[in-house]
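As structure tokens, the structure follows; a few thoughts come after it.
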Amino acid sequence: MKIQTLEDLNERLTDDLLWRKKEISDLKRLIEMRKFSSSKHKALLRSGVTLLYAHWEGYIKTAGNSYLEFVAIRKLKYEELATNFVAIAMKQKLNNATETNKATVFTEVADFMLTQMSQRSSIPYKKNK
């Protein structure tokens, strides 16, 4: 599903968060059962910390990628974007400029910034689902 509206973005983030919360909750219930030896119980506790971190990191990545997709699909003008999104859109041009000393490449970057900011943006993003 493409993220075209705020509702789509909210749905993606809500769905992602729900399964993460369920998995953490399932592990918490397992730990609270205390039907295991002390060493196994401690191992479950340590795995809980690892799982919490993994889900936090995964959710942050999903949220960032989803927001990038949402902004990219809206095709706002470059001048309407925050600087970080313009930088993402210009990344290839900037990479080309750093790999050469050719004035023409630097001119392309300068020309883009001076004359193309009122055009619709093209922000690369990877579909994460």
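In the structure tokens, the first chain shown is A, the next is B, and so on; residue numbers restart at 1 for each chain, and ligands run from 1 in the order shown.
Proximity to stretch 65-70 of chain A at 10 Å, evaluated using only C-alpha atoms and with sequence-adjacent residues fewer than 3 positions away removed, yields Lys2, Ile3, Gln4, Thr5, Leu6, Asp8, Leu9, Asn10, Arg12, Leu13, Tyr59, Ile60, Lys61, Thr62, Ile73, Arg74, Lys75, Phe85, Ile88, Ile123, Pro124, Tyr125, Lys126, Lys127, Asn128 and Lys129 of chain A.
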Using the selection just defined, write its residues with C-alpha atoms as a compact mmCIF listing (two decimals), in the first residue's frame.
# COMPACT_ATOMS: atom_id res chain seq x y z
CA LYS A 2 1.35 3.41 -0.96
CA ILE A 3 1.26 6.04 1.74
CA GLN A 4 -0.67 8.82 0.04
CA THR A 5 -2.56 10.35 2.97
CA LEU A 6 -2.02 10.99 6.64
CA ASP A 8 -2.38 5.78 5.28
CA LEU A 9 0.68 6.86 7.25
CA ASN A 10 -1.18 6.49 10.54
CA ARG A 12 1.07 1.83 8.59
CA LEU A 13 2.55 3.05 11.86
CA TYR A 59 9.84 0.95 14.63
CA ILE A 60 12.05 4.02 14.25
CA LYS A 61 13.27 2.71 10.89
CA THR A 62 9.73 1.92 9.73
CA ILE A 73 4.58 10.63 -3.00
CA ARG A 74 3.14 14.09 -2.33
CA LYS A 75 5.55 15.54 -4.95
CA PHE A 85 14.39 16.33 1.97
CA ILE A 88 17.94 13.54 -0.17
CA ILE A 123 12.65 12.12 -3.76
CA PRO A 124 13.98 8.57 -4.04
CA TYR A 125 12.64 6.10 -1.52
CA LYS A 126 12.51 2.34 -1.22
CA LYS A 127 9.22 0.64 -0.64
CA ASN A 128 9.60 -1.12 2.68
CA LYS A 129 6.62 -3.48 2.28
I need the alpha helix (DSSP H) residues of chain A per DSSP on the backbone, written as a PyMOL selection string. chain A and resi 6-33+38-74+83-98+103-115
Could you write out the selected residues, including C-alpha atoms, as an mmCIF file, in the first residue's frame?
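File produced: again-v8.cif:
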data_model
loop_
_atom_site.group_PDB
_atom_site.id
_atom_site.type_symbol
_atom_site.label_atom_id
_atom_site.label_comp_id
_atom_site.auth_asym_id
_atom_site.auth_seq_id
_atom_site.Cartn_x
_atom_site.Cartn_y
_atom_site.Cartn_z
ATOM 1 C CA LEU A 6 -2.020 10.995 6.641
ATOM 2 C CA GLU A 7 -4.540 8.212 7.300
ATOM 3 C CA ASP A 8 -2.381 5.784 5.282
ATOM 4 C CA LEU A 9 0.685 6.856 7.254
ATOM 5 C CA ASN A 10 -1.177 6.491 10.541
ATOM 6 C CA GLU A 11 -2.437 3.030 9.534
ATOM 7 C CA ARG A 12 1.067 1.831 8.586
ATOM 8 C CA LEU A 13 2.553 3.055 11.859
ATOM 9 C CA THR A 14 -0.338 1.753 13.963
ATOM 10 C CA ASP A 15 -0.200 -1.707 12.374
ATOM 11 C CA ASP A 16 3.570 -1.868 12.832
ATOM 12 C CA LEU A 17 3.338 -0.785 16.467
ATOM 13 C CA LEU A 18 0.508 -3.209 17.275
ATOM 14 C CA TRP A 19 2.370 -6.376 16.336
ATOM 15 C CA ARG A 20 5.471 -5.155 18.161
ATOM 16 C CA LYS A 21 3.463 -4.478 21.336
ATOM 17 C CA LYS A 22 1.782 -7.882 21.087
ATOM 18 C CA GLU A 23 5.093 -9.707 20.794
ATOM 19 C CA ILE A 24 6.570 -7.816 23.753
ATOM 20 C CA SER A 25 3.411 -8.431 25.772
ATOM 21 C CA ASP A 26 3.543 -12.175 24.985
ATOM 22 C CA LEU A 27 7.142 -12.372 26.188
ATOM 23 C CA LYS A 28 6.275 -10.375 29.328
ATOM 24 C CA ARG A 29 3.490 -12.830 30.182
ATOM 25 C CA LEU A 30 5.886 -15.727 29.640
ATOM 26 C CA ILE A 31 8.439 -14.143 31.974
ATOM 27 C CA GLU A 32 5.776 -13.463 34.621
ATOM 28 C CA MET A 33 4.711 -17.141 34.640
ATOM 29 C CA SER A 38 16.264 -19.272 37.734
ATOM 30 C CA SER A 39 18.808 -19.401 34.920
ATOM 31 C CA LYS A 40 16.113 -19.768 32.251
ATOM 32 C CA HIS A 41 14.118 -16.942 33.838
ATOM 33 C CA LYS A 42 17.170 -14.670 33.725
ATOM 34 C CA ALA A 43 17.753 -15.631 30.089
ATOM 35 C CA LEU A 44 14.147 -14.700 29.287
ATOM 36 C CA LEU A 45 14.625 -11.333 31.019
ATOM 37 C CA ARG A 46 17.769 -10.640 28.996
ATOM 38 C CA SER A 47 15.994 -11.641 25.805
ATOM 39 C CA GLY A 48 13.232 -9.199 26.723
ATOM 40 C CA VAL A 49 15.718 -6.330 26.817
ATOM 41 C CA THR A 50 17.087 -7.396 23.443
ATOM 42 C CA LEU A 51 13.585 -7.674 21.987
ATOM 43 C CA LEU A 52 12.620 -4.238 23.318
ATOM 44 C CA TYR A 53 15.656 -2.662 21.696
ATOM 45 C CA ALA A 54 15.111 -4.487 18.408
ATOM 46 C CA HIS A 55 11.481 -3.384 18.258
ATOM 47 C CA TRP A 56 12.366 0.208 19.160
ATOM 48 C CA GLU A 57 15.016 0.309 16.434
ATOM 49 C CA GLY A 58 12.731 -1.401 13.913
ATOM 50 C CA TYR A 59 9.845 0.947 14.631
ATOM 51 C CA ILE A 60 12.047 4.024 14.253
ATOM 52 C CA LYS A 61 13.273 2.707 10.892
ATOM 53 C CA THR A 62 9.729 1.919 9.728
ATOM 54 C CA ALA A 63 8.472 5.336 10.854
ATOM 55 C CA GLY A 64 11.311 7.155 9.081
ATOM 56 C CA ASN A 65 10.939 5.187 5.852
ATOM 57 C CA SER A 66 7.171 5.562 5.913
ATOM 58 C CA TYR A 67 7.375 9.317 6.422
ATOM 59 C CA LEU A 68 9.931 9.620 3.619
ATOM 60 C CA GLU A 69 7.573 7.676 1.325
ATOM 61 C CA PHE A 70 4.651 9.915 2.359
ATOM 62 C CA VAL A 71 6.602 13.092 1.577
ATOM 63 C CA ALA A 72 8.000 11.677 -1.685
ATOM 64 C CA ILE A 73 4.583 10.630 -3.004
ATOM 65 C CA ARG A 74 3.138 14.092 -2.325
ATOM 66 C CA THR A 83 16.252 21.145 3.771
ATOM 67 C CA ASN A 84 16.851 17.491 4.652
ATOM 68 C CA PHE A 85 14.388 16.329 1.973
ATOM 69 C CA VAL A 86 15.987 18.585 -0.633
ATOM 70 C CA ALA A 87 19.335 17.048 0.329
ATOM 71 C CA ILE A 88 17.937 13.537 -0.169
ATOM 72 C CA ALA A 89 16.556 14.547 -3.573
ATOM 73 C CA MET A 90 19.904 16.077 -4.560
ATOM 74 C CA LYS A 91 22.064 13.283 -3.170
ATOM 75 C CA GLN A 92 23.046 11.840 -6.555
ATOM 76 C CA LYS A 93 23.944 15.268 -7.932
ATOM 77 C CA LEU A 94 25.986 16.029 -4.817
ATOM 78 C CA ASN A 95 27.735 12.643 -4.994
ATOM 79 C CA ASN A 96 28.660 13.309 -8.617
ATOM 80 C CA ALA A 97 30.044 16.704 -7.655
ATOM 81 C CA THR A 98 32.268 15.275 -4.927
ATOM 82 C CA ALA A 103 33.091 22.634 -13.404
ATOM 83 C CA THR A 104 30.100 21.389 -15.412
ATOM 84 C CA VAL A 105 29.031 19.075 -12.601
ATOM 85 C CA PHE A 106 29.288 21.857 -10.021
ATOM 86 C CA THR A 107 27.356 24.111 -12.405
ATOM 87 C CA GLU A 108 24.528 21.546 -12.562
ATOM 88 C CA VAL A 109 24.249 21.569 -8.757
ATOM 89 C CA ALA A 110 24.288 25.362 -8.608
ATOM 90 C CA ASP A 111 21.774 25.595 -11.470
ATOM 91 C CA PHE A 112 19.444 23.194 -9.693
ATOM 92 C CA MET A 113 19.531 25.244 -6.489
ATOM 93 C CA LEU A 114 19.043 28.555 -8.294
ATOM 94 C CA THR A 115 16.461 27.681 -10.928
#
Mind pulling up the distance from atom CA of A:Met117 to atom CA of A:Leu76? 10.3 Å
Point-to-point distance in Å for atom CA of A:Ala82 and atom CA of A:Glu99: 25.6 Å
